$ cat input_9.txt   # compact mmCIF, C-alpha atoms
# COMPACT_ATOMS: atom_id res chain seq x y z
CA MET X 13 12.91 24.95 -39.45
CA ARG X 14 15.24 23.56 -36.80
CA GLY X 15 14.66 26.65 -34.64
CA LYS X 16 10.90 26.18 -34.92
CA ILE X 17 11.18 22.55 -33.77
CA ILE X 18 13.33 23.55 -30.78
CA LEU X 19 10.84 26.28 -29.87
CA THR X 20 7.95 23.81 -30.09
CA LEU X 21 9.76 21.33 -27.85
CA ALA X 22 10.60 24.07 -25.36
CA CYS X 23 6.95 25.13 -25.21
CA ALA X 24 5.83 21.54 -24.71
CA ILE X 25 8.31 21.02 -21.86
CA ALA X 26 7.24 24.29 -20.24
CA SER X 27 3.58 23.27 -20.52
CA VAL X 28 4.26 19.92 -18.81
CA ALA X 29 6.24 21.63 -16.06
CA LEU X 30 3.48 24.17 -15.46
CA GLY X 31 0.88 21.42 -15.41
CA ALA X 32 2.87 19.44 -12.84
CA ALA X 33 3.31 22.56 -10.69
CA ALA X 34 -0.41 23.29 -10.88
CA ALA X 35 -1.25 19.70 -9.91
CA PHE X 36 1.11 19.88 -6.93
CA GLU X 37 -0.38 23.21 -5.87
CA THR X 38 -3.89 21.80 -6.12
CA ARG X 39 -2.96 18.72 -4.08
CA ALA X 40 -1.19 20.82 -1.46
CA SER X 41 -4.14 23.20 -1.13
CA ARG X 42 -6.60 20.32 -0.83
CA LEU X 43 -4.48 18.70 1.86
CA GLN X 44 -4.33 22.03 3.68
CA ALA X 45 -8.13 22.15 3.81
CA ILE X 46 -8.43 18.74 5.50
CA LYS X 47 -9.23 18.85 9.22
CA THR X 48 -11.12 15.61 9.97
CA VAL X 49 -10.12 12.17 8.66
CA GLY X 50 -11.23 8.57 9.01
CA ILE X 51 -8.82 5.65 8.63
CA ILE X 52 -9.71 2.46 6.76
CA SER X 53 -7.42 -0.57 6.60
CA ALA X 54 -7.95 -3.84 4.71
CA ILE X 55 -4.59 -5.52 4.11
CA GLY X 56 -4.15 -8.10 6.84
CA GLU X 57 -6.79 -10.83 6.93
CA GLU X 58 -4.69 -13.41 5.08
CA ILE X 59 -1.06 -14.21 4.34
CA SER X 60 0.17 -15.46 0.99
CA LEU X 61 2.66 -18.33 1.01
CA THR X 62 4.82 -18.45 -2.11
CA ARG X 63 7.62 -20.69 -3.29
CA ALA X 64 9.91 -19.13 -5.87
CA GLY X 65 13.24 -19.76 -7.55
CA LEU X 66 14.28 -23.41 -8.00
CA THR X 67 11.12 -24.95 -6.58
CA GLY X 68 10.35 -27.66 -9.10
CA LEU X 69 6.67 -28.27 -9.81
CA ASP X 70 5.37 -27.64 -6.30
CA ASN X 71 5.22 -23.84 -6.51
CA ALA X 72 1.52 -23.01 -6.41
CA ALA X 73 0.78 -20.04 -4.16
CA GLN X 74 -1.23 -20.71 -1.01
CA THR X 75 -2.96 -18.53 1.56
CA ALA X 76 -3.66 -18.82 5.27
CA SER X 77 -5.99 -16.84 7.51
CA ILE X 78 -4.27 -14.39 9.89
CA GLY X 79 -7.24 -12.33 11.04
CA ALA X 80 -6.25 -13.06 14.64
CA TRP X 81 -2.95 -11.22 14.11
CA GLY X 82 -4.81 -7.87 14.18
CA LEU X 83 -2.65 -6.20 11.52
CA ASP X 84 -5.43 -3.91 10.29
CA GLU X 85 -6.15 -2.84 13.85
CA LEU X 86 -2.42 -2.16 14.25
CA ILE X 87 -2.40 0.03 11.12
CA VAL X 88 -5.41 2.05 12.31
CA GLN X 89 -3.86 2.46 15.76
CA GLN X 90 -0.43 3.51 14.50
CA ALA X 91 -1.79 5.77 11.73
CA THR X 92 -4.11 7.46 14.25
CA LYS X 93 -1.15 8.14 16.52
CA LEU X 94 0.92 9.57 13.65
CA LEU X 95 -1.85 11.68 12.11
CA SER X 96 -3.36 13.06 15.31
CA GLY X 97 -0.72 15.77 15.49
CA ARG X 98 -2.23 17.39 12.42
CA PHE X 99 -5.78 16.06 11.96
CA HIS X 100 -8.78 15.16 14.07
CA VAL X 101 -8.99 11.40 13.50
CA GLN X 102 -12.52 10.08 13.85
CA PRO X 103 -13.36 6.35 14.13
CA VAL X 104 -15.26 4.98 11.13
CA SER X 105 -17.20 1.78 10.44
CA TYR X 106 -16.82 -0.20 7.21
CA ARG X 107 -16.95 -3.74 5.86
CA ARG X 108 -13.30 -4.74 5.75
CA ALA X 109 -14.05 -7.74 3.55
CA ALA X 110 -15.55 -5.47 0.86
CA PHE X 111 -12.37 -3.40 0.67
CA ALA X 112 -10.14 -6.49 0.76
CA ALA X 113 -12.10 -8.11 -2.09
CA ILE X 114 -11.10 -5.45 -4.63
CA ARG X 115 -8.19 -6.54 -6.81
CA ASP X 116 -6.33 -4.82 -9.62
CA SER X 117 -6.86 -6.33 -13.04
CA ALA X 118 -4.05 -8.54 -14.33
CA VAL X 119 -4.23 -6.43 -17.51
CA ALA X 120 -2.45 -3.20 -16.50
CA PRO X 121 -4.18 -0.84 -19.02
CA VAL X 122 -7.56 -1.80 -17.53
CA ASN X 123 -6.48 -0.30 -14.19
CA LEU X 124 -5.58 2.95 -15.91
CA LEU X 125 -8.91 3.23 -17.71
CA ARG X 126 -11.37 2.24 -15.00
CA SER X 127 -12.44 4.55 -12.20
CA ASP X 128 -10.79 3.88 -8.87
CA PRO X 129 -13.14 1.31 -7.25
CA PHE X 130 -12.36 2.46 -3.70
CA LYS X 131 -13.99 5.85 -4.33
CA GLU X 132 -17.47 4.37 -4.64
CA LEU X 133 -16.87 1.98 -1.76
CA VAL X 134 -15.98 4.87 0.56
CA ARG X 135 -19.12 6.68 -0.60
CA SER X 136 -21.45 3.71 -0.07
CA ASP X 137 -19.89 1.60 2.66
CA VAL X 138 -18.30 3.90 5.26
CA THR X 139 -19.97 5.65 8.19
CA PRO X 140 -20.02 8.37 9.19
CA GLN X 141 -20.03 10.26 5.92
CA GLY X 142 -19.07 13.92 5.67
CA LEU X 143 -15.51 13.85 6.99
CA ASP X 144 -13.00 15.98 5.09
CA ALA X 145 -11.07 12.92 3.91
CA TYR X 146 -10.65 9.17 4.33
CA ILE X 147 -7.21 7.54 4.46
CA VAL X 148 -7.50 4.07 2.91
CA PHE X 149 -4.88 1.31 3.31
CA THR X 150 -5.15 -1.62 0.90
CA ARG X 151 -2.90 -4.32 -0.53
CA ALA X 152 -0.23 -3.47 -3.10
CA ARG X 153 1.41 -5.82 -5.60
CA SER X 154 5.03 -6.34 -6.59
CA LYS X 155 7.32 -8.76 -8.44
CA LEU X 156 9.38 -11.39 -6.65
CA GLY X 157 12.58 -12.88 -8.02
CA ASN X 158 11.62 -14.77 -11.17
CA GLY X 159 8.72 -12.42 -11.94
CA ARG X 160 5.96 -13.94 -9.82
CA ASN X 161 3.43 -11.47 -8.45
CA VAL X 162 3.07 -11.20 -4.69
CA GLU X 163 0.78 -8.86 -2.80
CA GLY X 164 -0.22 -7.75 0.66
CA VAL X 165 1.13 -9.67 3.63
CA GLY X 166 3.18 -12.68 2.68
CA PHE X 167 6.00 -15.13 3.24
CA ALA X 168 8.11 -16.38 0.34
CA GLU X 169 10.56 -19.23 0.30
CA TYR X 170 13.12 -18.52 -2.41
CA ARG X 171 15.49 -21.31 -3.44
CA THR X 172 18.75 -21.12 -5.38
CA LEU X 173 21.45 -23.70 -6.12
CA LEU X 174 23.41 -22.56 -3.06
CA ALA X 175 20.86 -21.67 -0.40
CA ASP X 176 17.25 -21.11 0.62
CA TYR X 177 15.94 -17.70 1.71
CA GLY X 178 12.88 -16.74 3.70
CA LEU X 179 11.37 -13.37 2.80
CA ILE X 180 8.46 -11.57 4.46
CA HIS X 181 6.59 -8.65 2.92
CA ALA X 182 3.87 -6.20 3.90
CA LEU X 183 2.97 -4.50 0.63
CA TYR X 184 0.34 -1.80 0.89
CA GLU X 185 -0.76 1.42 -0.76
CA VAL X 186 -2.44 4.46 0.72
CA ARG X 187 -5.17 6.59 -0.83
CA ILE X 188 -6.35 9.99 0.36
CA ILE X 189 -10.00 10.19 -0.73
CA GLU X 190 -11.75 13.54 -0.41
CA GLY X 191 -14.87 13.22 1.72
CA LYS X 192 -17.27 15.35 -0.35
CA SER X 193 -16.33 14.72 -3.99
CA PHE X 194 -14.68 11.33 -3.30
CA ASP X 195 -11.82 12.28 -5.60
CA VAL X 196 -8.53 10.49 -4.98
CA ILE X 197 -6.24 13.34 -3.89
CA GLU X 198 -3.19 11.09 -3.81
CA LYS X 199 -2.28 7.41 -4.03
CA ARG X 200 1.10 6.03 -3.02
CA ALA X 201 2.58 2.59 -2.41
CA ALA X 202 4.77 2.06 0.63
CA ALA X 203 8.43 2.11 -0.38
CA PRO X 204 11.08 -0.49 0.52
CA LEU X 205 12.85 -0.09 3.84
CA ASP X 206 16.50 -1.27 3.99
CA ASN X 207 16.19 -3.35 0.79
CA THR X 208 19.54 -5.04 1.40
CA GLY X 209 18.39 -8.63 1.19
CA THR X 210 19.49 -11.15 -1.42
CA VAL X 211 16.00 -11.16 -2.94
CA ARG X 212 14.58 -7.64 -3.27
CA ILE X 213 11.00 -6.52 -3.60
CA ALA X 214 9.39 -3.11 -4.23
CA GLY X 215 7.86 -2.55 -0.82
CA PRO X 216 8.39 -3.16 2.90
CA SER X 217 10.11 -6.54 3.14
CA GLY X 218 12.98 -8.35 4.79
CA PRO X 219 14.70 -11.70 5.31
CA ILE X 220 13.59 -14.12 8.01
CA GLU X 221 14.44 -17.66 9.07
CA ALA X 222 11.19 -19.58 8.86
CA THR X 223 9.73 -22.61 7.13
CA PHE X 224 6.93 -22.70 4.61
CA GLU X 225 4.86 -24.99 6.83
CA GLU X 226 4.90 -22.74 9.93
CA ALA X 227 4.33 -19.43 8.13
CA GLY X 228 0.62 -19.13 8.90
CA SER X 229 0.97 -19.77 12.63
CA SER X 230 4.37 -18.40 13.66
CA GLU X 231 4.35 -15.74 16.38
CA ARG X 232 7.86 -14.73 15.34
CA LEU X 233 6.63 -14.20 11.78
CA ARG X 234 3.67 -12.12 13.02
CA ALA X 235 5.97 -9.92 15.10
CA ALA X 236 8.38 -9.43 12.19
CA ILE X 237 5.60 -8.39 9.79
CA ALA X 238 4.11 -6.06 12.40
CA ASN X 239 7.57 -4.50 12.73
CA LEU X 240 7.71 -3.91 8.96
CA ILE X 241 4.38 -2.09 9.12
CA VAL X 242 5.27 0.04 12.15
CA ARG X 243 8.60 1.07 10.60
CA SER X 244 7.18 1.87 7.17
CA LEU X 245 4.09 3.86 8.19
CA PRO X 246 5.83 7.11 9.23
CA LEU X 247 7.96 7.03 6.07
CA THR X 248 4.95 6.50 3.80
CA LEU X 249 2.75 9.10 5.49
CA GLY X 250 5.68 11.49 5.51
CA ASP X 251 6.20 11.00 1.76
CA MET X 252 2.54 11.93 1.32
CA HIS X 253 3.00 15.11 3.42
CA LEU X 254 0.42 13.92 5.93
CA ILE X 255 2.72 14.28 8.94
CA GLU X 256 3.70 17.65 10.31
CA GLY X 257 7.24 18.64 9.47
CA GLN X 258 7.50 16.22 6.52
$ encode --input "input_9.txt" --output "structure tokens"
Amino acid sequence: MRGKIILTLACAIASVALGAAAAFETRASRLQAIKTVGIISAIGEEISLTRAGLTGLDNAAQTASIGAWGLDELIVQQATKLLSGRFHVQPVSYRRAAFAAIRDSAVAPVNLLRSDPFKELVRSDVTPQGLDAYIVFTRARSKLGNGRNVEGVGFAEYRTLLADYGLIHALYEVRIIEGKSFDVIEKRAAAPLDNTGTVRIAGPSGPIEATFEEAGSSERLRAAIANLIVRSLPLTLGDMHLIEGQ
């Protein structure tokens, strides 16, 4: 009886391993077939301003418009430069606000059950159609300190008994959407960079000296967030095997 159970477990493990290998082979072959891509970015029209830690009652999250910072244009420019060594990158038109408006449900199982909403948006809202694939950059979400959710581009002021910390983040995820079937070939969130700060977050982030009041208009803050994006893009696209030699 014991031998039969062990054999059953071994077969199950082998089946999972074979399935994973087949999925990787399918993804790799589909990536190999891609020649033309369009790049879509919708992460950078607003910055979230969050107080966390020992903040008392005044800890409601705020937002400020940063469309003038040109972060989405920066992503398209840098991603085009990185991807052009392997793909023909073609300019595309899309309504950025429509992509930015999509949010994950606060109930995690709902996100697992529903179809990826960006698939239909690429099908209906992007021109030209017919490219081999579309690379879509959108906001990602993570936990900060005491469990508060933060997403996209943001500045957080985190207070403890001993000190205050300023933390910037540029949380984004990348989808590769096939241009004929609109299947999501791969989806990956950008990983942390150095991640050596006192307050850590699961995505590109870092400490900065800034005040809550100046966060929406600080040129130094804009430059620091742009630096996070520029540094993280080659790592993220490399993890997705979109850059030659990665």
$ closest_residue --input "input_9.txt" --among "X:Phe167, X:Phe130, X:Trp81, X:Tyr146" --to "His100 in chain X" --atoms "all atoms listed in the file"
X:Tyr146
$ residues_near_point --input "input_9.txt" --point "(-5.2, -3.9, 13.5)" --cutoff "12 Å" --atoms "all atoms listed in the file" --output "ChimeraX atom specification"
/X:51-57,78-92,108,149,238,241-242
$ closest_residue --input "input_9.txt" --among "X:Leu95, X:Ile189, X:Met252, X:Leu156" --to "Ala202 in chain X" --atoms "all atoms listed in the file"
X:Met252
$ closest_residue --input "input_9.txt" --among "X:Phe99, X:Ser127, X:Val165, X:Ile147" --to "Gln44 in chain X" --atoms "all atoms listed in the file"
X:Phe99
$ atom_distance --input "input_9.txt" --atom1 "CA of Val186 in chain X" --atom2 "CA of Glu231 in chain X"
26.4 Å
$ atom_distance --input "input_9.txt" --atom1 "CA of Ala73 in chain X" --atom2 "CA of Pro204 in chain X"
22.6 Å
$ atom_distance --input "input_9.txt" --atom1 "CA of Arg243 in chain X" --atom2 "CA of Gly159 in chain X"
26.3 Å
$ closest_residue --input "input_9.txt" --among "X:Val104, X:Ala203, X:Ala214, X:Ala64" --to "Gly142 in chain X" --atoms "all atoms listed in the file"
X:Val104
$ decode --input "input_9.txt" --residues "range 73-87 of chain X" --atoms "all heavy atoms" --output "CSV table (one decimal), in the first residue's frame"
chain,number,residue,atom,x,y,z
X,73,ALA,N,-4.7,58.2,2.0
X,73,ALA,CA,-3.8,58.3,0.8
X,73,ALA,C,-4.4,59.5,-0.1
X,73,ALA,O,-5.6,59.7,-0.1
X,73,ALA,CB,-3.8,57.0,0.0
X,74,GLN,N,-3.4,60.1,-0.8
X,74,GLN,CA,-3.8,61.2,-1.7
X,74,GLN,C,-3.1,60.9,-3.0
X,74,GLN,O,-2.3,60.1,-3.1
X,74,GLN,CB,-3.3,62.5,-1.1
X,74,GLN,CG,-3.8,62.9,0.2
X,74,GLN,CD,-3.2,64.2,0.8
X,74,GLN,OE1,-2.9,65.1,0.0
X,74,GLN,NE2,-3.1,64.3,2.1
X,75,THR,N,-3.5,61.7,-4.0
X,75,THR,CA,-2.9,61.5,-5.3
X,75,THR,C,-2.7,62.9,-5.9
X,75,THR,O,-3.3,63.9,-5.5
X,75,THR,CB,-3.8,60.7,-6.3
X,75,THR,OG1,-5.0,61.4,-6.5
X,75,THR,CG2,-4.0,59.3,-5.9
X,76,ALA,N,-1.7,63.0,-6.8
X,76,ALA,CA,-1.4,64.3,-7.5
X,76,ALA,C,-1.1,64.0,-8.9
X,76,ALA,O,-0.5,62.9,-9.2
X,76,ALA,CB,-0.2,65.0,-6.8
X,77,SER,N,-1.5,64.9,-9.8
X,77,SER,CA,-1.2,64.7,-11.2
X,77,SER,C,0.2,64.9,-11.6
X,77,SER,O,0.8,65.9,-11.1
X,77,SER,CB,-2.1,65.6,-12.1
X,77,SER,OG,-1.8,65.5,-13.4
X,78,ILE,N,0.8,64.0,-12.3
X,78,ILE,CA,2.2,64.1,-12.8
X,78,ILE,C,2.3,63.8,-14.3
X,78,ILE,O,3.4,63.4,-14.8
X,78,ILE,CB,3.2,63.2,-12.0
X,78,ILE,CG1,2.7,61.7,-12.1
X,78,ILE,CG2,3.3,63.6,-10.5
X,78,ILE,CD1,3.7,60.7,-11.5
X,79,GLY,N,1.3,64.1,-15.0
X,79,GLY,CA,1.3,63.8,-16.5
X,79,GLY,C,2.5,64.5,-17.1
X,79,GLY,O,3.0,64.1,-18.1
X,80,ALA,N,2.8,65.7,-16.6
X,80,ALA,CA,3.9,66.5,-17.2
X,80,ALA,C,5.2,65.9,-17.0
X,80,ALA,O,6.2,66.3,-17.7
X,80,ALA,CB,3.9,67.9,-16.6
X,81,TRP,N,5.4,64.9,-16.1
X,81,TRP,CA,6.7,64.3,-15.9
X,81,TRP,C,7.1,63.4,-17.1
X,81,TRP,O,8.2,63.1,-17.3
X,81,TRP,CB,6.6,63.4,-14.7
X,81,TRP,CG,6.6,64.2,-13.4
X,81,TRP,CD1,6.4,65.5,-13.2
X,81,TRP,CD2,6.9,63.7,-12.1
X,81,TRP,NE1,6.5,65.9,-11.9
X,81,TRP,CE2,6.8,64.8,-11.2
X,81,TRP,CE3,7.1,62.4,-11.6
X,81,TRP,CZ2,6.9,64.6,-9.8
X,81,TRP,CZ3,7.2,62.3,-10.2
X,81,TRP,CH2,7.2,63.4,-9.3
X,82,GLY,N,6.1,62.9,-17.9
X,82,GLY,CA,6.4,62.1,-19.1
X,82,GLY,C,7.0,60.8,-18.8
X,82,GLY,O,7.8,60.2,-19.6
X,83,LEU,N,6.5,60.1,-17.7
X,83,LEU,CA,7.1,58.8,-17.4
X,83,LEU,C,6.7,57.7,-18.4
X,83,LEU,O,7.5,56.8,-18.7
X,83,LEU,CB,6.6,58.4,-15.9
X,83,LEU,CG,7.1,59.3,-14.8
X,83,LEU,CD1,6.6,58.8,-13.5
X,83,LEU,CD2,8.7,59.4,-14.8
X,84,ASP,N,5.4,57.8,-18.9
X,84,ASP,CA,5.0,56.8,-19.9
X,84,ASP,C,5.8,56.9,-21.2
X,84,ASP,O,6.2,56.0,-21.8
X,84,ASP,CB,3.5,56.9,-20.1
X,84,ASP,CG,2.7,56.3,-18.9
X,84,ASP,OD1,3.0,55.2,-18.5
X,84,ASP,OD2,1.8,57.0,-18.4
X,85,GLU,N,6.0,58.2,-21.5
X,85,GLU,CA,6.9,58.4,-22.7
X,85,GLU,C,8.3,57.9,-22.5
X,85,GLU,O,8.9,57.3,-23.4
X,85,GLU,CB,6.9,59.9,-23.1
X,85,GLU,CG,5.6,60.5,-23.6
X,85,GLU,CD,4.6,60.8,-22.5
X,85,GLU,OE1,4.9,60.6,-21.3
X,85,GLU,OE2,3.5,61.2,-22.8
X,86,LEU,N,8.8,58.1,-21.3
X,86,LEU,CA,10.1,57.5,-20.9
X,86,LEU,C,10.2,56.0,-21.1
X,86,LEU,O,11.1,55.5,-21.6
X,86,LEU,CB,10.5,58.0,-19.5
X,86,LEU,CG,11.8,57.4,-19.0
X,86,LEU,CD1,13.0,58.0,-19.7
X,86,LEU,CD2,12.0,57.7,-17.5
X,87,ILE,N,9.1,55.3,-20.6
X,87,ILE,CA,9.1,53.9,-20.6
X,87,ILE,C,9.1,53.4,-22.1
X,87,ILE,O,9.8,52.5,-22.5
X,87,ILE,CB,7.9,53.3,-19.9
X,87,ILE,CG1,8.1,53.5,-18.4
X,87,ILE,CG2,7.6,51.9,-20.2
X,87,ILE,CD1,6.9,53.1,-17.5
